[in-house]
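**Student:** Structure file model_36.txt, compact mmCIF, C-alpha atoms, is pasted below:
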# COMPACT_ATOMS: atom_id res chain seq x y z
CA MET X 12 -20.34 27.09 -5.56
CA ILE X 13 -19.33 27.58 -9.18
CA GLY X 14 -15.77 26.56 -8.30
CA LYS X 15 -17.00 23.37 -6.65
CA ARG X 16 -19.19 22.47 -9.63
CA CYS X 17 -16.35 23.17 -12.02
CA SER X 18 -13.91 21.04 -9.99
CA ALA X 19 -16.43 18.19 -9.82
CA ALA X 20 -17.00 18.44 -13.57
CA VAL X 21 -13.26 18.37 -14.29
CA LEU X 22 -12.79 15.36 -11.98
CA ALA X 23 -15.74 13.54 -13.55
CA GLY X 24 -14.29 14.23 -17.01
CA LEU X 25 -10.90 12.86 -16.01
CA LEU X 26 -12.44 9.72 -14.55
CA VAL X 27 -14.55 9.08 -17.63
CA SER X 28 -11.66 9.73 -20.01
CA GLY X 29 -9.30 7.52 -18.02
CA ASN X 30 -6.82 10.35 -17.48
CA ALA X 31 -7.10 10.37 -13.70
CA ALA X 32 -3.87 9.25 -12.04
CA ALA X 33 -3.84 5.68 -10.80
CA VAL X 34 -3.25 5.08 -7.13
CA GLU X 35 0.43 4.36 -6.51
CA PHE X 36 1.75 2.14 -3.73
CA ARG X 37 5.26 1.46 -2.49
CA SER X 38 6.75 -0.45 0.43
CA VAL X 39 9.10 0.57 3.19
CA THR X 40 12.61 -0.71 2.48
CA GLU X 41 14.27 0.01 5.85
CA PRO X 42 13.85 -2.11 9.00
CA ALA X 43 12.51 1.05 10.71
CA ALA X 44 11.54 4.18 8.75
CA ILE X 45 10.50 7.39 10.53
CA LEU X 46 7.47 9.36 9.34
CA TYR X 47 7.52 13.11 9.85
CA ASP X 48 4.81 15.79 9.88
CA ALA X 49 6.72 17.80 7.25
CA PRO X 50 9.18 17.00 4.44
CA SER X 51 12.25 17.51 6.64
CA THR X 52 14.18 15.60 9.30
CA LYS X 53 13.64 18.74 11.42
CA GLY X 54 9.89 18.03 11.37
CA GLN X 55 8.08 16.33 14.23
CA LYS X 56 8.55 12.56 14.26
CA LEU X 57 5.11 10.93 14.02
CA PHE X 58 5.79 7.19 14.11
CA VAL X 59 7.95 4.41 12.69
CA LEU X 60 6.98 1.99 9.94
CA SER X 61 8.55 -1.44 9.62
CA GLN X 62 10.15 -3.00 6.57
CA GLY X 63 7.64 -4.23 4.01
CA TYR X 64 4.85 -1.91 5.17
CA ALA X 65 2.70 -0.91 2.17
CA VAL X 66 2.01 2.81 1.79
CA GLU X 67 0.04 4.88 -0.70
CA VAL X 68 2.00 7.64 -2.43
CA VAL X 69 0.15 10.96 -2.22
CA VAL X 70 2.75 13.41 -3.55
CA ARG X 71 6.52 13.55 -4.16
CA ILE X 72 8.78 16.55 -3.75
CA GLU X 73 12.56 16.91 -3.65
CA GLY X 74 13.74 13.85 -1.74
CA TRP X 75 10.46 13.31 0.13
CA THR X 76 7.16 11.49 -0.35
CA LYS X 77 3.89 12.22 1.42
CA ILE X 78 2.24 8.88 2.13
CA ARG X 79 -0.98 7.49 3.56
CA ASP X 80 -1.01 4.26 5.57
CA ASP X 81 -3.73 1.65 5.95
CA THR X 82 -5.32 3.58 8.84
CA GLY X 83 -5.65 6.73 6.73
CA GLU X 84 -2.87 8.61 8.54
CA PHE X 85 -0.60 10.86 6.49
CA GLY X 86 3.11 11.53 6.94
CA TRP X 87 6.32 12.35 5.11
CA ILE X 88 9.06 9.82 4.46
CA GLU X 89 12.43 10.17 2.76
CA ASN X 90 12.32 8.79 -0.79
CA ASN X 91 15.28 6.47 -0.19
CA ARG X 92 13.25 4.68 2.51
CA LEU X 93 10.73 3.45 -0.10
CA SER X 94 11.04 0.56 -2.53
CA GLU X 95 9.49 -0.11 -5.92
CA ARG X 96 8.81 -3.62 -4.59
CA ARG X 97 5.08 -3.98 -4.04
CA THR X 98 3.75 -5.46 -0.86
CA VAL X 99 0.21 -5.80 0.43
CA MET X 100 -1.11 -6.21 3.94
CA VAL X 101 -3.84 -8.56 5.12
CA LYS X 102 -6.72 -6.43 6.45
CA VAL X 103 -9.03 -9.21 7.67
CA ALA X 104 -8.60 -11.46 10.71
CA SER X 105 -7.37 -14.34 8.55
CA ALA X 106 -7.02 -14.67 4.78
CA GLU X 107 -6.78 -17.97 2.94
CA ALA X 108 -4.32 -17.97 0.06
CA ARG X 109 -5.59 -20.41 -2.56
CA GLN X 110 -3.51 -22.45 -5.03
CA ALA X 111 -5.47 -20.86 -7.90
CA ALA X 112 -7.66 -17.76 -8.25
CA SER X 113 -10.84 -19.61 -7.29
CA GLU X 114 -12.94 -20.18 -4.17
CA ASN X 115 -12.92 -23.90 -5.03
CA SER X 116 -9.14 -24.16 -5.11
CA LEU X 117 -7.22 -25.76 -2.27
CA VAL X 118 -5.75 -23.52 0.44
CA ALA X 119 -2.00 -22.97 -0.03
CA PHE X 120 -1.48 -21.08 3.25
CA THR X 121 -3.27 -18.78 5.68
CA ALA X 122 -2.10 -15.25 6.57
CA GLU X 123 -3.25 -13.38 9.67
CA LYS X 124 -4.23 -9.72 9.90
CA SER X 125 -1.40 -7.20 9.34
CA VAL X 126 0.93 -9.74 7.69
CA PHE X 127 2.90 -8.28 4.75
CA LEU X 128 2.98 -10.25 1.52
CA GLU X 129 4.84 -9.55 -1.71
CA LEU X 130 2.50 -8.79 -4.61
CA VAL X 131 3.35 -10.99 -7.59
CA ASN X 132 0.48 -10.03 -9.93
CA MET X 133 -3.28 -9.50 -10.18
CA ALA X 134 -5.99 -11.72 -11.70
CA ALA X 135 -9.70 -10.75 -11.85
CA GLY X 136 -10.42 -9.90 -8.22
CA TRP X 137 -7.51 -11.94 -6.87
CA ALA X 138 -3.94 -11.03 -6.01
CA LYS X 139 -1.16 -13.57 -6.40
CA VAL X 140 1.07 -13.10 -3.37
CA ARG X 141 4.27 -14.55 -1.95
CA HIS X 142 4.83 -15.07 1.77
CA ARG X 143 8.34 -14.38 3.11
CA ASP X 144 8.81 -18.14 3.58
CA GLY X 145 8.40 -18.55 -0.21
CA ALA X 146 4.83 -19.92 -0.30
CA THR X 147 2.64 -18.41 -3.03
CA GLY X 148 -1.11 -18.24 -3.43
CA PHE X 149 -4.10 -16.16 -4.47
CA ILE X 150 -6.03 -13.98 -2.02
CA LYS X 151 -9.17 -11.99 -2.78
CA VAL X 152 -8.27 -8.32 -3.28
CA SER X 153 -11.04 -7.32 -0.86
CA GLN X 154 -8.99 -8.92 1.96
CA LEU X 155 -5.83 -6.90 1.25
CA TRP X 156 -4.63 -3.31 1.60
CA GLY X 157 -2.10 -1.80 -0.76
CA LEU X 158 -3.67 -2.45 -4.15
As structure tokens, how would this structure be written, given the file I've shared?
**Tutor:**
Amino acid sequence: MIGKRCSAAVLAGLLVSGNAAAVEFRSVTEPAAILYDAPSTKGQKLFVLSQGYAVEVVVRIEGWTKIRDDTGEFGWIENNRLSERRTVMVKVASAEARQAASENSLVAFTAEKSVFLELVNMAAGWAKVRHRDGATGFIKVSQLWGL
């Protein structure tokens, strides 16, 4: 019990001081990237992620990254299969990308669930995104995964 209290106290202190590590996301760079159950190509193949898929970085070790996907599943991927390019994924049935970061702004385009969009920047509860066809707009961050 003392260990748990101490760990909670340390975590709380880090969060208050702002020293806790920020969540890091990357995107899959290959058309089809295999996830393994261990940091080795000799590990069991779990599933394949498509190009542009946003993943959360959990830990990095020599040539490998442990990631978490939007469903909460964990796996290992080779570092060279990940890009610094940030993408996000629509997590609602349909998300309206607005011309400006406002509910009152006109709709620029609509993106369906599981569509990948390039993250351009963030603005007070909104993410400016770019569709692969070049269209840009602002979507509420609550409608996206990968931020």
**Student:** Let me make sure I understand: among X:Leu46, X:Val140, X:Val101, X:Ala119, which one has the smallest atom-to-atom distance to X:Trp87 if we use all atoms listed in the file?
**Tutor:** X:Leu46
**Student:** Counting all atoms listed in the file, which residue out of X:Gln154, X:Thr76, X:Gln62, X:Thr82 sits closest to X:Ala106?
**Tutor:**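 When distances to X:Ala106 are compared using all atoms listed in the file, the smallest one comes from X:Gln154.
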**Student:** For a quick check of understanding, using only C-alpha atoms, which of X:Asp81, X:Glu89, X:Asp144, X:Val66 has the smallest distance to X:Ala44?
**Tutor:** X:Glu89
**Student:** Could you list as a list in words every residue that has an atom within 9 Å of (0.2, -0.8, 3.9), using the file's coordinates and counting all atoms listed in the file?
**Tutor:**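 Residues close enough to count: Phe36, Arg37, Ser38, Gly63, Tyr64, Ala65, Val66, Glu67, Arg79, Asp80, Asp81, Thr82, Thr98, Val99, Met100, Val101, Ser125, Phe127, Leu155, Trp156 and Gly157 of chain X.
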**Student:** Show me the residues close to (13.6, -2.2, -6.3) - anything with an atom within 12 Å, counting all atoms listed in the file - and format the list as a PyMOL selection string.
**Tutor:** chain X and resi 37-40+91-98
**Student:** Ranking X:Ala104, X:Leu60, X:Ala146, X:Val34 by minimum distance to X:Val118 and counting all atoms listed in the file, which one comes first?
**Tutor:**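 Looking at the shortest contact to X:Val118, the residue is X:Ala146.
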**Student:** What separation in Å, quoted to one decimal, exists between atom CA of X:Val70 and atom CA of X:Glu35?
**Tutor:**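 Value for the atom CA of X:Val70-atom CA of X:Glu35 distance: 9.8 Å.
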**Student:** Which one of X:Lys77, X:Glu123, X:Ile150, X:Ala138 sits closest to X:Ala108 if you count only C-alpha atoms?
**Tutor:**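 Answer, going by the shortest atom-to-atom distance: X:Ile150.
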**Student:** Grab the atom CA of X:Asn90 to atom CA of X:Val69 distance for me, in Å with one decimal place.
**Tutor:**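 Between atom CA of X:Asn90 and atom CA of X:Val69 the gap works out to 12.4 Å.
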**Student:** Calculate how many Å separate atom CA of X:Arg143 from atom CA of X:Ala112, rounding to one decimal.
**Tutor:**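 Interatomic distance, atom CA of X:Arg143 to atom CA of X:Ala112: 19.9 Å.
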**Student:** Using all atoms listed in the file, which of X:Gly83, X:Pro50, X:Gly145, X:Gly136 sits nearest X:Arg71?
**Tutor:**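 Among the listed residues, the smallest separation from X:Arg71 belongs to X:Pro50.
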**Student:** Set the distance at 8 Å and use all atoms listed in the file: which residues neighbour X:Arg141 once local chain neighbours fewer than 6 positions away are removed? I'd like the list as an MDAnalysis selection string.
**Tutor:** chainID X and resid 128:131 147:148
**Student:** Excluding X:Ser153 and its own-chain neighbours fewer than 5 positions away, which residues fall within 9 Å of it when counting all atoms listed in the file? Please give them as a ChimeraX atom specification.
**Tutor:** /X:102-103,136-137
**Student:** Mind checking which residues fall within 7 Å of X:Tyr47, counting all atoms listed in the file, ignoring those fewer than 3 positions away in the same chain, and posting them as a VMD selection string?
**Tutor:** chain X and resid 50 54 to 57 86 to 88
